[in-house]
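Undergrad: Dropping a structure here in structure tokens format, bear with me for questions.
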Amino acid sequence: MKRIASILATVLWLTAGNALAWSNHSFAAYRAFEKMPEVANAQPVLVEPLEAFLKDQEKAIQDLLAGHEGWAQSQLDFYPPRPAQLAFKANPAQSDAARRMAFLMALRVAPNSRFALYLQPDPWSAAPDPATLLAHSAVDTLPEQPNSKLRFVALKAGDSVAPLAVLASACDEPDYGLDINLWSDSPSEWGKVYSFEALPFGNPTLYFSTQAPFHMGFYHEDRVIYLAAPFVKKTFPLLRVHQYSTLAALAFRSGHPYWGWRFSGLALHYVQDLTQPYHASLSPGNASAKLIGINLLAMAGFSRLKDEMIVLLSNRHLALEKFQNQTLYNAAQAKVEGGNETALRSGDKDSSYAPWSELYPRDVVARQSHALGSRLTEILVDTLPAAYVSDPGFDFGVKESGIDLVAELDKQNSAKRTRFDTMVTELLGNFGAHSRNLVRGVLKSAAAK
């Protein structure tokens with residue numbers, strides 16, 4: 001079993017470097033919610049800094065965060081209890097800065113997280129005035145990437161904003177450094193006190209990879225995988241969804257709707273990540289028996305198949321995200337809707353799923369996504385240029401900025417192209433349906449108490 005675990009650890013160490021699931025969640029989230037009455041028809045809300053919500057609801061937040069511990073310890077596998085000294089405690093005498101820091105430490109997120117007042121504009125809207133833009137570093141603690149489409153419009157306390165914009169913008173925010181370096185072996189002070197133990201998987205040398213166990217959920221692998229490598233279960237998207245969705249409900253019912261929508265968006269990010277099959281399956285398209293066989297060869301000194309599999313998983317993951325992001329962005333720029341936009345906005349599938357619950361992300365979203373992994377991989381391999389998804393000598397991540405996948409697929413056999421487009425549309429339809437169901441769950445919870 002230890003030998004089987006070695007390849008799984010290697011696969012996770014490298015492929016978790018692709019810990020950013022859907023590229024720019026806000027692009028898809030605008031479409032998913034723009035026709036949902038609860039969001040589209042909601043009254044504008046007044047912007048307020050995080051410190052205002054924390055100060056006004058200090059005692060309620062203390063009680064809520066204390067309840068998070070009991071829930072996590074009863075519901076999550078391998079949950080490392082929060083150290084007692086990190087518990088959030090109401091203290092009206094403390095400064096706003098101290099209260100904010102105590103809150104972030106109690107959540108066990110990166111305490112340098114910005115939580116800036118901003119919006120990411122809808123790509124279908126007019127380009128924002130450059131004078132209104134915030135610097136990347138004012139919102140995101142991670143380095144700005146080449147060809148980034150991120151644009152952050154500054155807000156100030158008291159501004160009136162549409163809930164759709166708040167919600168869609170926040171859907172992308174957990175990729176801005178909130179879950180970075182939270183582990184005991186991380187190069188951060190907070191990692192030393194959070195007691196999440198050592199990074200269970202992911203490549204610690206990559207700037208964003210340490211967030212991987214919070215953004216991936218391998219809940220539906222074969223039993224032999226868990227026996228061989230129990231660390232595969234050390235994933236925490238359920239924790240983040242529970243934390244932020246309950247904070248959202250508290251914010252709504254206590255008269256802080258801006259933070260109700262903002263926390264809802266934060267919770268949504270992790271559910272949306274799980275709709276991406278490469279975030280819900282250890283190795284889509286590869287059966288457990290194949291993983292074990294490749295491992296045995298590697299342990300015998302024949303590591304070529306293992307090395308090749310890792311490269312191919314990474315390339316396919318990145319190619320899917322590249323195509324999804326490029327397609328949505330191109331449609332917005334051309335003001336021409338396609339099947340993806342229709343699928344994201346359609347509510348036809350919403351009621352076909354079980355009602356929202358605290359375990360819905362695991363039992364509904366991740367299960368569905370895991371089941372789609374093999375079909376997605378087969379279609380990727382059959383449709384995309386072989387160099388991108390079938391050649392282990394090609395590094396898609398290195399070459400990505402110069403690749404136009406839409407143009408490449410325009411040259412493809414029409415039947416194959418249609419099949420691939422249909423697969424992506426199905427995934428984005430799942431993204432939209434599960435996103436709306438979470439928001440319904442939050443609003444129901446807020447109204448019930």
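Letters for chains follow the order of the structure tokens (A, B, ...), residue numbers begin at 1 for each chain, and ligand numbers begin at 1 in the order shown.
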Where in region 37-259 of chain A does DSSP assign strand (DSSP E), given as a PDB file with N, CA and C atoms, in the first residue's frame?

TA:
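Listing of out-v6.pdb after writing:
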ATOM      1  N   VAL A  45     -27.500  47.372  -2.857  1.00  0.00           N
ATOM      2  CA  VAL A  45     -27.023  47.346  -1.470  1.00  0.00           C
ATOM      3  C   VAL A  45     -25.934  48.388  -1.289  1.00  0.00           C
ATOM      4  N   LEU A  46     -25.765  48.820  -0.054  1.00  0.00           N
ATOM      5  CA  LEU A  46     -24.735  49.801   0.264  1.00  0.00           C
ATOM      6  C   LEU A  46     -23.450  49.095   0.657  1.00  0.00           C
ATOM      7  N   TYR A 118     -14.323  46.362  -3.937  1.00  0.00           N
ATOM      8  CA  TYR A 118     -14.088  46.376  -5.382  1.00  0.00           C
ATOM      9  C   TYR A 118     -15.205  45.628  -6.092  1.00  0.00           C
ATOM     10  N   LEU A 119     -15.262  45.774  -7.384  1.00  0.00           N
ATOM     11  CA  LEU A 119     -16.066  44.938  -8.260  1.00  0.00           C
ATOM     12  C   LEU A 119     -15.211  44.506  -9.440  1.00  0.00           C
ATOM     13  N   VAL A 153     -12.545  47.328 -10.193  1.00  0.00           N
ATOM     14  CA  VAL A 153     -13.081  48.675 -10.075  1.00  0.00           C
ATOM     15  C   VAL A 153     -13.216  49.016  -8.595  1.00  0.00           C
ATOM     16  N   ALA A 154     -12.681  50.144  -8.196  1.00  0.00           N
ATOM     17  CA  ALA A 154     -12.689  50.549  -6.795  1.00  0.00           C
ATOM     18  C   ALA A 154     -14.095  50.942  -6.354  1.00  0.00           C
ATOM     19  N   SER A 160     -23.725  52.553  -3.732  1.00  0.00           N
ATOM     20  CA  SER A 160     -24.844  51.662  -3.993  1.00  0.00           C
ATOM     21  C   SER A 160     -24.492  50.765  -5.176  1.00  0.00           C
ATOM     22  N   VAL A 161     -24.593  49.454  -4.986  1.00  0.00           N
ATOM     23  CA  VAL A 161     -24.182  48.512  -6.027  1.00  0.00           C
ATOM     24  C   VAL A 161     -25.234  47.423  -6.194  1.00  0.00           C
TER      25      VAL A 161
END

Undergrad: Any chance you could tabulate, as a Markdown table, the residues of region 218-298 of chain A at most 12 Å from region 108-115 of chain A with each one's nearest atom pair and distance in Å to one decimal, using only C-alpha atoms, in chain and rising number order?

TA:
| residue | atom | partner | partner_atom | distance |
| --- | --- | --- | --- | --- |
| A:Phe236 | CA | A:Arg108 | CA | 11.7 |
| A:Leu239 | CA | A:Arg108 | CA | 10.6 |
| A:Arg240 | CA | A:Val109 | CA | 9.6 |
| A:Gln243 | CA | A:Arg108 | CA | 10.5 |
| A:Tyr244 | CA | A:Val109 | CA | 11.6 |
| A:Trp259 | CA | A:Phe115 | CA | 10.8 |
| A:Arg262 | CA | A:Phe115 | CA | 9.8 |
| A:Phe263 | CA | A:Phe115 | CA | 10.7 |
| A:Leu266 | CA | A:Phe115 | CA | 10.8 |

Undergrad: For the residues in that selection, give me N, CA and C atoms as an mmCIF file, in the first residue's frame.

TA:
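Just written: part_0.cif:
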data_model
loop_
_atom_site.group_PDB
_atom_site.id
_atom_site.type_symbol
_atom_site.label_atom_id
_atom_site.label_comp_id
_atom_site.auth_asym_id
_atom_site.auth_seq_id
_atom_site.Cartn_x
_atom_site.Cartn_y
_atom_site.Cartn_z
ATOM 1 N N PHE A 236 -10.593 20.299 1.933
ATOM 2 C CA PHE A 236 -11.446 21.101 2.789
ATOM 3 C C PHE A 236 -12.376 22.090 2.075
ATOM 4 N N LEU A 239 -15.459 22.696 4.234
ATOM 5 C CA LEU A 239 -15.259 23.623 5.341
ATOM 6 C C LEU A 239 -15.490 25.052 4.894
ATOM 7 N N ARG A 240 -14.892 25.430 3.793
ATOM 8 C CA ARG A 240 -15.017 26.809 3.314
ATOM 9 C C ARG A 240 -16.469 27.120 2.924
ATOM 10 N N GLN A 243 -18.347 27.656 6.186
ATOM 11 C CA GLN A 243 -17.977 28.901 6.844
ATOM 12 C C GLN A 243 -18.624 30.103 6.167
ATOM 13 N N TYR A 244 -18.423 30.225 4.871
ATOM 14 C CA TYR A 244 -18.868 31.433 4.181
ATOM 15 C C TYR A 244 -20.383 31.466 3.983
ATOM 16 N N TRP A 259 -22.509 42.225 2.643
ATOM 17 C CA TRP A 259 -21.697 41.078 3.045
ATOM 18 C C TRP A 259 -22.452 39.765 2.904
ATOM 19 N N ARG A 262 -21.591 39.099 -0.630
ATOM 20 C CA ARG A 262 -20.140 38.880 -0.766
ATOM 21 C C ARG A 262 -19.728 37.517 -0.194
ATOM 22 N N PHE A 263 -20.207 37.191 0.994
ATOM 23 C CA PHE A 263 -19.886 35.874 1.561
ATOM 24 C C PHE A 263 -20.517 34.750 0.735
ATOM 25 N N LEU A 266 -18.132 34.042 -1.990
ATOM 26 C CA LEU A 266 -16.966 33.293 -1.518
ATOM 27 C C LEU A 266 -17.300 31.807 -1.392
#

Undergrad: Identify which of the residues A:Ala28, A:Asp382, A:Ala98, A:Trp22 lies closest to Asn340 (chain A), counting only C-alpha atoms when measuring atom-to-atom distances.

TA: A:Ala28

Undergrad: Per residue of region 308-394 of chain A within 12 Å of region 286-289 of chain A, note the shortest atom pair and the distance in Å to one decimal, counting only C-alpha atoms, and order the rows by chain and increasing residue number, as JSON lines.

TA:
{"residue": "A:Met309", "atom": "CA", "partner": "A:Asn286", "partner_atom": "CA", "distance": 9.1}
{"residue": "A:Ile310", "atom": "CA", "partner": "A:Asn286", "partner_atom": "CA", "distance": 11.2}
{"residue": "A:Leu312", "atom": "CA", "partner": "A:Asn286", "partner_atom": "CA", "distance": 11.2}
{"residue": "A:Leu313", "atom": "CA", "partner": "A:Asn286", "partner_atom": "CA", "distance": 9.7}
{"residue": "A:His370", "atom": "CA", "partner": "A:Asn286", "partner_atom": "CA", "distance": 11.9}
{"residue": "A:Gly373", "atom": "CA", "partner": "A:Asn286", "partner_atom": "CA", "distance": 9.3}
{"residue": "A:Ser374", "atom": "CA", "partner": "A:Asn286", "partner_atom": "CA", "distance": 7.5}
{"residue": "A:Arg375", "atom": "CA", "partner": "A:Asn286", "partner_atom": "CA", "distance": 11.1}
{"residue": "A:Leu376", "atom": "CA", "partner": "A:Asn286", "partner_atom": "CA", "distance": 11.9}
{"residue": "A:Thr377", "atom": "CA", "partner": "A:Asn286", "partner_atom": "CA", "distance": 9.3}
{"residue": "A:Glu378", "atom": "CA", "partner": "A:Asn286", "partner_atom": "CA", "distance": 10.5}

Undergrad: Could you pull out the helix (DSSP H, G or I) residues of region 115-261 of chain A, going by DSSP on the backbone, and write them as a VMD selection string?

TA: chain A and resid 130 to 132 136 to 139 163 to 170 173 to 176 190 to 192 209 to 215 223 to 228 230 to 233 237 to 253 257 to 261

Undergrad: Can you tell me which residues surround region 30-43 of chain A at a distance of at most 9 Å, considering only C-alpha atoms, apart from same-chain residues fewer than 3 positions away, and format the answer as a short mmCIF file (atom, residue, chain, number, x, y, z; two decimals) with N, CA and C atoms, in the first residue's frame?

TA:
data_model
loop_
_atom_site.label_atom_id
_atom_site.label_comp_id
_atom_site.auth_asym_id
_atom_site.auth_seq_id
_atom_site.Cartn_x
_atom_site.Cartn_y
_atom_site.Cartn_z
N HIS A 25 -13.93 32.89 -12.33
CA HIS A 25 -15.29 32.47 -12.02
C HIS A 25 -16.32 33.57 -12.28
N SER A 26 -15.92 34.82 -12.17
CA SER A 26 -16.91 35.90 -12.28
C SER A 26 -17.53 35.96 -13.68
N PHE A 27 -16.76 35.66 -14.73
CA PHE A 27 -17.30 35.69 -16.08
C PHE A 27 -18.53 34.78 -16.18
N ASP A 122 -18.65 43.07 -15.35
CA ASP A 122 -19.18 42.10 -16.29
C ASP A 122 -18.47 42.30 -17.63
N PRO A 123 -17.90 41.24 -18.22
CA PRO A 123 -17.20 41.43 -19.49
C PRO A 123 -18.12 41.87 -20.63
N VAL A 161 -24.59 49.45 -4.99
CA VAL A 161 -24.18 48.51 -6.03
C VAL A 161 -25.23 47.42 -6.19
N ALA A 162 -25.25 46.82 -7.38
CA ALA A 162 -26.18 45.74 -7.67
C ALA A 162 -25.69 44.44 -7.03
N PRO A 163 -26.57 43.70 -6.36
CA PRO A 163 -26.16 42.42 -5.78
C PRO A 163 -25.52 41.47 -6.79
N LEU A 164 -25.99 41.48 -8.05
CA LEU A 164 -25.38 40.62 -9.06
C LEU A 164 -23.89 40.88 -9.19
N ALA A 165 -23.50 42.15 -9.20
CA ALA A 165 -22.09 42.49 -9.36
C ALA A 165 -21.28 42.08 -8.13
N LEU A 167 -22.02 39.61 -6.00
CA LEU A 167 -21.99 38.15 -5.97
C LEU A 167 -21.02 37.59 -7.00
N ALA A 168 -21.14 38.04 -8.25
CA ALA A 168 -20.28 37.52 -9.32
C ALA A 168 -18.82 37.84 -9.06
N SER A 169 -18.55 39.05 -8.58
CA SER A 169 -17.16 39.42 -8.31
C SER A 169 -16.56 38.54 -7.23
N GLU A 341 -23.42 30.49 -22.77
CA GLU A 341 -24.18 31.51 -22.07
C GLU A 341 -25.60 31.02 -21.75
N THR A 342 -26.21 30.36 -22.72
CA THR A 342 -27.55 29.82 -22.51
C THR A 342 -27.56 28.78 -21.40
N ALA A 343 -26.56 27.90 -21.41
CA ALA A 343 -26.48 26.84 -20.41
C ALA A 343 -26.25 27.41 -19.01
N LEU A 344 -25.40 28.41 -18.91
CA LEU A 344 -25.12 29.00 -17.61
C LEU A 344 -26.37 29.64 -17.00
N ARG A 345 -27.16 30.25 -17.82
CA ARG A 345 -28.31 31.02 -17.34
C ARG A 345 -29.57 30.14 -17.15
N SER A 346 -29.65 29.03 -17.88
CA SER A 346 -30.85 28.21 -17.83
C SER A 346 -31.07 27.60 -16.45
N GLY A 347 -32.30 27.69 -15.97
CA GLY A 347 -32.63 27.09 -14.69
C GLY A 347 -33.33 25.75 -14.82
N LEU A 428 -20.74 23.71 -17.84
CA LEU A 428 -21.13 25.05 -17.44
C LEU A 428 -22.59 25.10 -17.00
N GLY A 429 -23.42 24.25 -17.58
CA GLY A 429 -24.79 24.15 -17.09
C GLY A 429 -24.83 23.67 -15.65
N PHE A 431 -22.38 24.12 -13.50
CA PHE A 431 -21.85 25.27 -12.77
C PHE A 431 -22.98 26.23 -12.39
N GLY A 432 -23.84 26.55 -13.37
CA GLY A 432 -24.92 27.49 -13.11
C GLY A 432 -25.96 26.93 -12.16
N ALA A 433 -26.39 25.70 -12.38
CA ALA A 433 -27.45 25.10 -11.56
C ALA A 433 -27.01 24.99 -10.10
N SER A 435 -24.69 26.60 -8.58
CA SER A 435 -24.47 27.94 -8.01
C SER A 435 -25.80 28.53 -7.53
N ARG A 436 -26.81 28.44 -8.34
CA ARG A 436 -28.12 28.98 -7.94
C ARG A 436 -28.70 28.23 -6.75
N VAL A 439 -27.22 29.59 -3.56
CA VAL A 439 -27.79 30.89 -3.18
C VAL A 439 -29.20 30.71 -2.61
N ARG A 440 -29.99 29.83 -3.21
CA ARG A 440 -31.31 29.55 -2.64
C ARG A 440 -31.19 29.03 -1.22
N LEU A 443 -30.29 31.99 1.16
CA LEU A 443 -31.43 32.89 1.38
C LEU A 443 -32.50 32.21 2.24
#

Undergrad: If we count only C-alpha atoms and set the cut-off at 7 Å, which residues sit around region 353-367 of chain A, ignoring sequence neighbours fewer than 4 positions away in its own chain? Please answer as a list in words.

TA: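 Listed by chain and then number, they are Tyr219, His220, Leu238, His242, Val271, Leu274, Thr275, Ala280, Ala371, Asn437, Leu438 and Gly441 of chain A.
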
Undergrad: Determine the nearest neighbour of Val139 (chain A) from the options A:Ala127, A:Ala116, A:Leu182, A:Ala334, counting only C-alpha atoms.

TA: A:Ala116

Undergrad: If you measure from CA of Lys290 (chain A) to CA of Asn430 (chain A), what distance in Å do you get, rounded to one decimal?

TA: 28.7 Å

Undergrad: Between A:Thr141, A:Ser95, A:Ser390, A:Thr235, which one has atoms that come closest to Tyr270 (chain A), using only C-alpha atoms?

TA: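 Closest to Tyr270 (chain A), using only C-alpha atoms: A:Thr235.
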
Undergrad: Smallest atom-to-atom distance to Ala448 (chain A): which of A:Ala249, A:Tyr388, A:Gln85, A:Pro92, using only C-alpha atoms?

TA: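 Ranked by minimum distance to Ala448 (chain A), first place goes to A:Ala249.
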
Undergrad: Pick out the closest residue to Ala90 (chain A) from this set: A:Met105, A:Leu54, A:Leu409, A:Met423. Count only C-alpha atoms.

TA: A:Leu54

Undergrad: Record the distance separating CA of Asp172 (chain A) and CA of Thr327 (chain A), expressed in Å with one decimal.

TA: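 Between CA of Asp172 (chain A) and CA of Thr327 (chain A) the gap is 17.6 Å.
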